[in-house]
Each structure stands twice: as structure tokens, then as C-alpha cells.
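For reference, data.csv (CSV, C-alpha atoms):
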```
chain,number,residue,atom,x,y,z
A,6,MET,CA,-10.1,-21.2,19.7
A,7,LYS,CA,-12.3,-18.2,20.2
A,8,CYS,CA,-13.2,-15.4,17.7
A,9,ARG,CA,-10.6,-13.1,19.4
A,10,GLU,CA,-7.6,-15.4,18.7
A,11,CYS,CA,-9.0,-16.3,15.2
A,12,THR,CA,-9.2,-12.6,14.3
A,13,GLU,CA,-5.7,-12.0,15.6
A,14,PHE,CA,-4.2,-14.9,13.6
A,15,ILE,CA,-5.5,-13.9,10.2
A,16,LEU,CA,-2.3,-12.1,9.0
A,17,ARG,CA,-0.1,-15.0,10.1
A,18,TYR,CA,-2.5,-17.5,8.6
A,19,LEU,CA,-2.5,-15.7,5.2
A,20,GLU,CA,1.3,-15.3,5.3
A,21,GLY,CA,1.8,-19.0,6.1
A,22,ASP,CA,3.4,-18.2,9.5
A,23,LEU,CA,1.1,-20.3,11.7
A,24,PRO,CA,2.5,-23.5,13.1
A,25,LEU,CA,0.5,-26.6,12.0
A,26,ASP,CA,-1.5,-27.0,15.3
A,27,GLU,CA,-2.6,-23.3,15.3
A,28,ARG,CA,-3.4,-23.5,11.6
A,29,THR,CA,-5.6,-26.5,12.2
A,30,ALA,CA,-7.4,-24.9,15.2
A,31,PHE,CA,-7.9,-21.7,13.1
A,32,GLU,CA,-9.4,-23.6,10.2
A,33,GLN,CA,-11.6,-25.7,12.6
A,34,HIS,CA,-12.9,-22.5,14.2
A,35,LEU,CA,-13.7,-21.0,10.7
A,36,GLY,CA,-15.6,-24.1,9.8
A,37,LYS,CA,-18.1,-23.6,12.7
A,38,CYS,CA,-18.1,-19.8,13.0
A,39,PRO,CA,-19.8,-18.0,10.0
A,40,PRO,CA,-19.0,-14.5,11.4
A,41,CYS,CA,-15.3,-15.3,11.5
A,42,GLU,CA,-15.5,-16.9,8.1
A,43,ARG,CA,-17.1,-13.7,6.8
A,44,TYR,CA,-14.5,-11.6,8.6
A,45,LEU,CA,-11.6,-13.5,6.9
A,46,SER,CA,-13.3,-13.1,3.5
A,47,GLN,CA,-13.9,-9.4,4.0
A,48,TYR,CA,-10.3,-9.0,5.2
A,49,ARG,CA,-9.1,-10.6,2.0
A,50,LEU,CA,-11.4,-8.4,-0.1
A,51,THR,CA,-10.2,-5.3,1.7
A,52,VAL,CA,-6.6,-6.1,0.6
A,53,THR,CA,-7.7,-6.7,-3.0
A,54,ALA,CA,-9.8,-3.5,-2.9
A,55,GLY,CA,-6.8,-1.4,-1.8
A,56,LYS,CA,-4.6,-2.8,-4.6
A,57,HIS,CA,-7.3,-2.4,-7.2
A,58,ALA,CA,-8.1,1.1,-6.2
A,59,CYS,CA,-4.5,2.3,-6.4
A,60,ALA,CA,-3.5,0.3,-9.5
A,61,GLU,CA,-5.1,2.8,-11.9
A,62,GLN,CA,-3.1,5.7,-10.4
A,63,ASN,CA,0.1,3.8,-11.4
A,64,ALA,CA,-1.2,3.3,-14.9
A,65,SER,CA,-1.6,7.0,-15.6
A,66,LEU,CA,-0.1,8.0,-18.9
A,67,PRO,CA,3.3,9.9,-19.0
A,68,GLY,CA,1.3,12.9,-20.3
A,69,ALA,CA,-0.3,13.1,-16.8
A,70,VAL,CA,3.0,14.5,-15.4
A,71,PRO,CA,3.1,18.3,-15.8
A,72,GLU,CA,5.7,19.3,-18.4
A,73,GLU,CA,7.0,22.0,-15.9
A,74,LEU,CA,7.9,19.3,-13.4
A,75,ILE,CA,9.8,17.3,-16.1
A,76,ARG,CA,11.7,20.4,-17.2
A,77,ALA,CA,12.4,21.3,-13.6
A,78,ILE,CA,13.9,17.9,-12.9
A,79,LEU,CA,16.0,18.0,-16.1
A,80,ASP,CA,17.1,21.6,-15.4
A,81,SER,CA,18.2,20.7,-11.9
A,82,ARG,CA,20.6,18.1,-13.2
A,83,ARG,CA,22.1,20.5,-15.8
A,84,SER,CA,22.6,23.2,-13.2
A,85,GLU,CA,24.6,21.0,-10.9
B,989,MET,CA,5.2,-4.8,-9.5
B,990,ASP,CA,2.9,-5.3,-12.5
B,991,ALA,CA,5.1,-6.1,-15.4
B,992,ALA,CA,2.6,-4.5,-17.8
B,993,LEU,CA,3.2,-1.2,-16.0
B,994,ASP,CA,7.0,-1.4,-15.9
B,995,PRO,CA,8.2,1.2,-18.2
B,996,LEU,CA,11.6,-0.4,-18.8
B,997,PRO,CA,10.9,-4.1,-19.4
B,998,ASP,CA,13.6,-4.9,-21.8
B,999,GLU,CA,17.1,-5.8,-20.3
B,1000,ALA,CA,18.9,-4.6,-23.4
B,1001,ALA,CA,17.0,-1.3,-23.5
B,1002,GLU,CA,17.7,-0.9,-19.8
B,1003,ALA,CA,21.5,-1.5,-20.2
B,1004,ALA,CA,21.5,1.0,-23.1
B,1005,LEU,CA,19.7,3.6,-21.0
B,1006,LEU,CA,22.1,3.1,-18.1
B,1007,ALA,CA,25.1,3.4,-20.4
B,1008,GLY,CA,23.6,6.6,-21.8
B,1009,LEU,CA,23.0,8.0,-18.3
B,1010,ARG,CA,26.5,7.2,-17.2
B,1011,SER,CA,27.9,8.9,-20.3
B,1012,GLY,CA,25.9,12.0,-19.3
B,1013,SER,CA,23.5,11.9,-22.3
B,1014,ASP,CA,20.8,14.5,-22.1
B,1015,THR,CA,18.5,12.2,-24.2
B,1016,ALA,CA,19.0,9.3,-21.8
B,1017,TYR,CA,18.1,11.5,-18.7
B,1018,GLU,CA,15.0,12.8,-20.5
B,1019,GLU,CA,14.0,9.2,-21.4
B,1020,LEU,CA,14.4,8.1,-17.8
B,1021,VAL,CA,12.4,11.0,-16.4
B,1022,ARG,CA,9.6,10.8,-19.0
B,1023,SER,CA,9.2,7.0,-18.8
B,1024,THR,CA,9.1,6.8,-15.0
B,1025,SER,CA,7.8,10.0,-13.5
B,1026,ALA,CA,4.0,9.3,-13.9
B,1027,ARG,CA,4.3,6.2,-11.7
B,1028,LEU,CA,6.6,7.8,-9.3
B,1029,LEU,CA,4.3,10.8,-8.9
B,1030,ALA,CA,1.4,8.5,-8.2
B,1031,VAL,CA,3.5,6.8,-5.5
B,1032,ALA,CA,4.4,10.2,-3.9
B,1033,ARG,CA,0.8,11.4,-4.1
B,1034,ARG,CA,-0.4,8.4,-2.2
B,1035,ILE,CA,2.1,8.8,0.6
B,1036,VAL,CA,2.2,12.6,1.1
B,1037,GLY,CA,-1.3,13.4,0.0
B,1038,THR,CA,-0.9,16.8,-1.6
B,1039,GLU,CA,0.0,17.5,-5.2
B,1040,GLU,CA,2.6,20.2,-4.2
B,1041,ASP,CA,4.4,17.9,-1.8
B,1042,ALA,CA,4.3,15.0,-4.2
B,1043,ARG,CA,5.9,17.0,-7.0
B,1044,ASP,CA,8.6,18.2,-4.6
B,1045,VAL,CA,9.3,14.7,-3.5
B,1046,VAL,CA,9.6,13.4,-7.1
B,1047,GLN,CA,12.0,16.2,-8.0
B,1048,GLU,CA,14.1,15.7,-4.8
B,1049,ALA,CA,14.1,11.9,-5.6
B,1050,PHE,CA,15.4,12.4,-9.1
B,1051,ILE,CA,18.1,14.8,-7.9
B,1052,SER,CA,19.3,12.3,-5.3
B,1053,ALA,CA,19.2,9.5,-7.9
B,1054,PHE,CA,21.2,11.5,-10.4
B,1055,ARG,CA,23.9,12.1,-7.8
B,1056,ALA,CA,23.9,8.4,-6.8
B,1057,LEU,CA,23.9,7.0,-10.3
B,1058,ASP,CA,27.6,6.1,-10.1
B,1059,ARG,CA,26.8,3.9,-7.1
B,1060,PHE,CA,23.8,2.2,-8.8
B,1061,GLU,CA,25.0,-1.4,-9.2
B,1062,GLY,CA,22.4,-2.7,-11.5
B,1063,ASN,CA,21.2,-5.4,-9.2
B,1064,ALA,CA,17.7,-4.0,-9.3
B,1065,LYS,CA,15.9,-2.4,-12.2
B,1066,LEU,CA,16.3,1.4,-12.5
B,1067,SER,CA,12.6,1.8,-12.1
B,1068,THR,CA,12.6,-0.3,-8.9
B,1069,TRP,CA,15.6,1.7,-7.6
B,1070,LEU,CA,13.9,5.0,-8.3
B,1071,HIS,CA,10.7,3.7,-6.7
B,1072,ARG,CA,12.5,3.0,-3.4
B,1073,ILE,CA,14.1,6.5,-3.5
B,1074,VAL,CA,10.7,8.1,-4.0
B,1075,VAL,CA,9.2,6.1,-1.2
B,1076,ASN,CA,12.0,7.1,1.1
B,1077,LYS,CA,11.8,10.8,0.3
B,1078,ALA,CA,8.0,10.7,0.6
B,1079,LEU,CA,8.3,9.2,4.1
B,1080,MET,CA,10.9,11.8,5.1
B,1081,ARG,CA,8.5,14.5,3.9
B,1082,LEU,CA,5.7,13.0,6.0
B,1083,ARG,CA,7.9,13.0,9.1
B,1084,THR,CA,9.0,16.6,8.8
B,1085,ARG,CA,5.6,18.0,8.0
B,1086,LYS,CA,3.6,19.6,10.7
B,1087,ARG,CA,0.7,17.3,11.4
B,1088,LYS,CA,-2.2,17.2,13.7
B,1089,PRO,CA,-2.1,14.5,16.4
B,1090,GLU,CA,-3.1,11.1,15.0
B,1091,GLU,CA,-6.5,9.7,15.7
B,1092,PRO,CA,-6.3,6.4,17.7
B,1093,ILE,CA,-7.0,3.3,15.6
B,1094,GLU,CA,-8.7,1.3,18.3
B,1095,PRO,CA,-12.2,2.4,17.4
B,1096,LEU,CA,-11.7,0.8,14.0
B,1097,LEU,CA,-10.6,-2.5,15.4
B,1098,PRO,CA,-12.9,-5.4,16.4
B,1099,ALA,CA,-14.1,-5.4,20.0
B,1100,PHE,CA,-14.6,-8.6,22.0
B,1101,LYS,CA,-16.7,-9.7,24.9
B,1102,GLU,CA,-15.3,-11.6,27.8
B,1103,ASP,CA,-16.3,-14.9,26.2
B,1104,GLY,CA,-14.1,-14.1,23.2
B,1105,HIS,CA,-16.9,-13.4,20.7
B,1106,GLN,CA,-17.0,-10.1,18.9
B,1107,VAL,CA,-19.3,-7.5,20.4
B,1108,GLN,CA,-20.7,-6.9,17.0
B,1109,ALA,CA,-20.7,-10.0,14.8
B,1110,THR,CA,-19.4,-9.5,11.3
B,1111,SER,CA,-22.4,-9.0,9.0
B,1112,GLU,CA,-22.6,-9.9,5.3
B,1113,TRP,CA,-21.3,-7.5,2.7
B,1114,ALA,CA,-23.6,-6.7,-0.2
B,1115,GLU,CA,-23.6,-9.3,-3.0
B,1116,GLY,CA,-21.0,-8.2,-5.5
B,1117,ALA,CA,-19.0,-5.9,-3.2
B,1118,ASP,CA,-16.0,-7.1,-5.3
B,1119,VAL,CA,-17.8,-6.4,-8.5
B,1120,THR,CA,-18.5,-2.8,-7.5
B,1121,LEU,CA,-14.7,-2.3,-7.5
B,1122,GLU,CA,-15.0,-2.1,-11.3
B,1123,ARG,CA,-16.7,1.3,-10.7
B,1124,ALA,CA,-14.4,4.3,-10.6
B,1125,GLU,CA,-16.5,5.8,-7.9
B,1126,THR,CA,-16.0,2.7,-5.6
B,1127,ARG,CA,-12.2,2.8,-6.2
B,1128,GLU,CA,-12.2,6.5,-5.3
B,1129,PHE,CA,-14.1,5.7,-2.1
B,1130,VAL,CA,-11.5,3.0,-1.2
B,1131,ARG,CA,-8.7,5.4,-1.7
B,1132,SER,CA,-10.4,8.0,0.4
B,1133,GLN,CA,-10.8,5.5,3.2
B,1134,ILE,CA,-7.1,4.5,3.0
B,1135,ASP,CA,-6.4,8.2,3.5
B,1136,ARG,CA,-8.4,8.2,6.7
B,1137,LEU,CA,-6.1,5.7,8.4
B,1138,PRO,CA,-3.7,7.2,11.0
B,1139,ASP,CA,-0.3,7.7,9.3
B,1140,THR,CA,1.5,5.1,11.5
B,1141,TYR,CA,-0.8,2.4,10.0
B,1142,ARG,CA,-1.4,4.0,6.6
B,1143,THR,CA,2.2,4.0,5.6
B,1144,VAL,CA,2.7,0.3,6.4
B,1145,LEU,CA,-0.4,-0.6,4.5
B,1146,LEU,CA,0.8,1.5,1.5
B,1147,LEU,CA,4.3,0.0,1.5
B,1148,ARG,CA,3.3,-3.6,2.0
B,1149,ASP,CA,0.0,-3.9,0.1
B,1150,ILE,CA,0.2,-1.1,-2.5
B,1151,GLU,CA,3.9,-0.6,-3.2
B,1152,GLU,CA,4.4,-4.4,-2.8
B,1153,MET,CA,7.5,-4.1,-0.6
B,1154,ASN,CA,8.2,-7.1,1.6
B,1155,THR,CA,8.3,-7.1,5.4
B,1156,PRO,CA,12.1,-6.6,5.8
B,1157,GLU,CA,12.2,-3.8,3.3
B,1158,THR,CA,9.2,-2.1,4.9
B,1159,ALA,CA,10.8,-2.4,8.3
B,1160,ALA,CA,14.1,-0.9,7.1
B,1161,MET,CA,12.3,1.9,5.3
B,1162,LEU,CA,10.3,2.9,8.4
B,1163,GLY,CA,13.0,2.2,10.9
B,1164,ILE,CA,10.8,-0.3,12.9
B,1165,THR,CA,11.0,-4.0,13.6
B,1166,GLU,CA,9.6,-6.6,11.2
B,1167,ASN,CA,7.2,-7.7,14.0
B,1168,ALA,CA,6.0,-4.1,14.3
B,1169,VAL,CA,5.4,-4.1,10.5
B,1170,LYS,CA,3.2,-7.2,10.8
B,1171,ILE,CA,1.2,-5.8,13.8
B,1172,ARG,CA,0.6,-2.5,12.1
B,1173,LEU,CA,-0.3,-4.1,8.8
B,1174,HIS,CA,-2.8,-6.3,10.4
B,1175,ARG,CA,-4.4,-3.4,12.3
B,1176,ALA,CA,-4.4,-1.2,9.2
B,1177,ARG,CA,-6.2,-3.9,7.2
B,1178,GLN,CA,-8.7,-4.5,10.0
B,1179,ALA,CA,-9.3,-0.7,10.2
B,1180,LEU,CA,-9.8,-0.4,6.5
B,1181,ARG,CA,-12.2,-3.3,6.5
B,1182,LYS,CA,-14.2,-1.5,9.1
B,1183,LEU,CA,-14.2,1.7,7.0
B,1184,LEU,CA,-15.2,-0.2,3.9
B,1185,ASP,CA,-18.0,-1.9,5.9
B,1186,GLU,CA,-19.8,1.5,5.9
B,1187,ARG,CA,-20.2,1.1,2.2
B,1188,PHE,CA,-20.3,-2.6,1.5
B,1189,GLY,CA,-22.1,-3.7,4.7
B,1190,SER,CA,-25.8,-4.3,3.9
B,1191,ALA,CA,-27.3,-6.7,6.4
B,1192,PRO,CA,-27.8,-5.3,9.9
B,1193,ALA,CA,-25.4,-6.7,12.4
B,1194,ARG,CA,-26.8,-9.6,14.4
B,1195,PRO,CA,-25.9,-10.1,18.0
B,1196,ALA,CA,-22.7,-12.0,18.3
B,1197,GLY,CA,-22.8,-15.6,19.3
B,1198,LYS,CA,-26.3,-16.4,18.1
B,1199,VAL,CA,-25.3,-17.0,14.5
B,1200,ALA,CA,-22.5,-19.5,15.2
B,1201,ARG,CA,-23.6,-23.1,14.6
```

Represent the structure of the file as C-alpha cells.
Amino acid sequence: MKCRECTEFILRYLEGDLPLDERTAFEQHLGKCPPCERYLSQYRLTVTAGKHACAEQNASLPGAVPEELIRAILDSRRSE
Amino acid sequence: MDAALDPLPDEAAEAALLAGLRSGSDTAYEELVRSTSARLLAVARRIVGTEEDARDVVQEAFISAFRALDRFEGNAKLSTWLHRIVVNKALMRLRTRKRKPEEPIEPLLPAFKEDGHQVQATSEWAEGADVTLERAETREFVRSQIDRLPDTYRTVLLLRDIEEMNTPETAAMLGITENAVKIRLHRARQALRKLLDERFGSAPARPAGKVAR
């Protein structure tokens, strides 16, 4: 396996979608190619970073929503 | 979805709230809106990008939800159901908005030489790149880089990685095949890695091929 295929296989590898022979070839390549090993590790960290960066937005307190928006939503229901 | 963030964790409370909504109780409607709108607004902001559009999306979503409440079967949690409606409305808003042509994603993807090695070998990220995520400034940087992705790829990354929808759900929401979701997700993550490399990459890139043992 070359770096090109290895890089293309990452998502399928992480999702458990690779057949056994391709999975074995993928892991063998990683074992002897530090740049691809680094690439996989950075790919994983990228996914974690995205989740981590956005989680705090979800945790914003209810007070973070403008009262006028809440009133507008509730009023729109009453006016129907 | 993180259970700690779920505003309606208790089944009995959820059933009581649903009964209240169905009987037309103003208190129940207010409880629903107050307990879920912060998270929904965050979701809408991420997808549509501007505060004004995000607020419109959340309002439209609640109006749709109120109308459809009779058809809510209770298979999913109310918060999950509302989340899906907001995502759908936000995607519709994105499609109808006038936008400049998308930048191609190819420059952000790895390039390869004829022998199959990367043109530029992946260099180390600074020690503790994961630790710096504890800093608000780093998280803000990561969010700003997600925003730089072309919409075609950004939306898939948001739905799969951030909103934690599965591949079939994401495909249905975007009207594309599951295979297209996987291809776009992989490219989006690769492109985001490249963008984060500008911050986390420390060691100068070494010529490809020479570092492989």
C-alpha cells in the first residue's frame, strides 16, 4: 500500500468499513510510514478539536437567548 | 448528544411536558422554548453563520414544530425532534441565500507524487496541540477554520461530527447518497486538518519519502 491509498482509507478504517485484507495492509503501512501515522493521528485530533470547539456553544445558558426571540416564538403560536 | 446537555432528561417530565403541549398549555410551550432554545440557536448559528439568520431559523423551526406537534409520535425525544427541524430549516436557509461561488477544496487536500508518496510529508504538530484545546482562543480558532470550509463540505462535517447525526440521516437531510456523505466528510476532515496545521504544525515539512523507514 502507498501513502495515497492509506490516506484515502482513513475514514473507512475509523468507521470499521475496511475488509480484513485492506485493514491489515493499512496497519502494516502505518507501522513503517511515520508521516502516514502522524497524518492519521492529526486526522483524529482534528475531529476531536471540532467537537470540542463547538461543545461550549451548546452549553450556553438559557439566558443567552434574547428574551425578544423567546417572546416572538411564543407570540407567533398564540397568533395562529 | 451529550446527556449532560440534554435539557429534558427525565422521561416522566418529558411525558408531562408533551401532555401539557398537547392540551395547549401556555406554561408548557414556554417551558419547551426556554429549555431548548439556547442549544437550538447554537446549532442554527453554526450552520447559517449570522445571528440574524440563526434567530429567524429558530423561530421558523418552532413555528413548524408547533404545527406538527399532533404528528409527533414520541419515538424520539422532543429535544432531538426539534434539533432535526432546526437543522433542516438552517440547511434550507443556506440553500436559498445568495452566496458567492464556493472555493474549491482541492488545495486543502493532500497532494501525491507519482510514486504514491505525499508531495509534502506530514510534519509533527506541536507537543500538546490537544492540550491547547483547553484554551478558549484555540477553540475559537478551530471554529473559524470550520467556517472557512466550502459549504458543500462544511455542512457534512457539521451534521456528522458536530451534530452527531449518522450517515443515513445526514444523507437524507442533504438529499445526497450515503457514499457522497462519506466522501465529503473525509475531504472536509482532511481540509480542516490542513487548516489547523497552520496553527499546530511546528516542525518544518521534510521532503516526502526520506523519513519513511

> Which chain B residues are at most 8 Å from chain A (counting only C-alpha atoms), as number ranges by chain?
Replying inline: B: 993, 1017-1018, 1021-1031, 1043, 1047, 1050-1051, 1054, 1100, 1103-1106, 1109-1113, 1118, 1121, 1127-1128, 1130-1131, 1134, 1149-1150, 1170, 1174, 1177-1178, 1180-1181, 1184, 1199-1201

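Atom to atom, CA of Leu1079 (chain B) and CA of Leu1145 (chain B) stand 13.1 Å apart.
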
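CA of Pro1092 (chain B) sits 14.8 Å away from CA of Ile1171 (chain B).
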
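Using only C-alpha atoms, the smallest distance between any of B:Ile1073, B:Ile1164, B:Tyr1141, B:Glu1002 and Val1045 (chain B) comes from B:Ile1073.
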
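Picture a line from CA of Gly1037 (chain B) to CA of Leu1137 (chain B); it runs 12.4 Å.
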
>> Report as a PyMOL selection string all protein, DNA and RNA residues lying within 7 Å of Arg1033 (chain B), evaluated on all atoms listed in the file, omitting residues in the same chain fewer than 5 positions from it.
In response: chain B and resi 1038-1039+1042

> Skipping near chain neighbours, those fewer than 3 positions away, what residues fall within 10 Å of Ala1159 (chain B) using all atoms listed in the file, listed as JSON, numbers by chain?
Replying inline: {"B": [1144, 1147, 1148, 1153, 1154, 1155, 1156, 1162, 1163, 1164, 1165, 1166, 1167, 1168, 1169, 1170]}
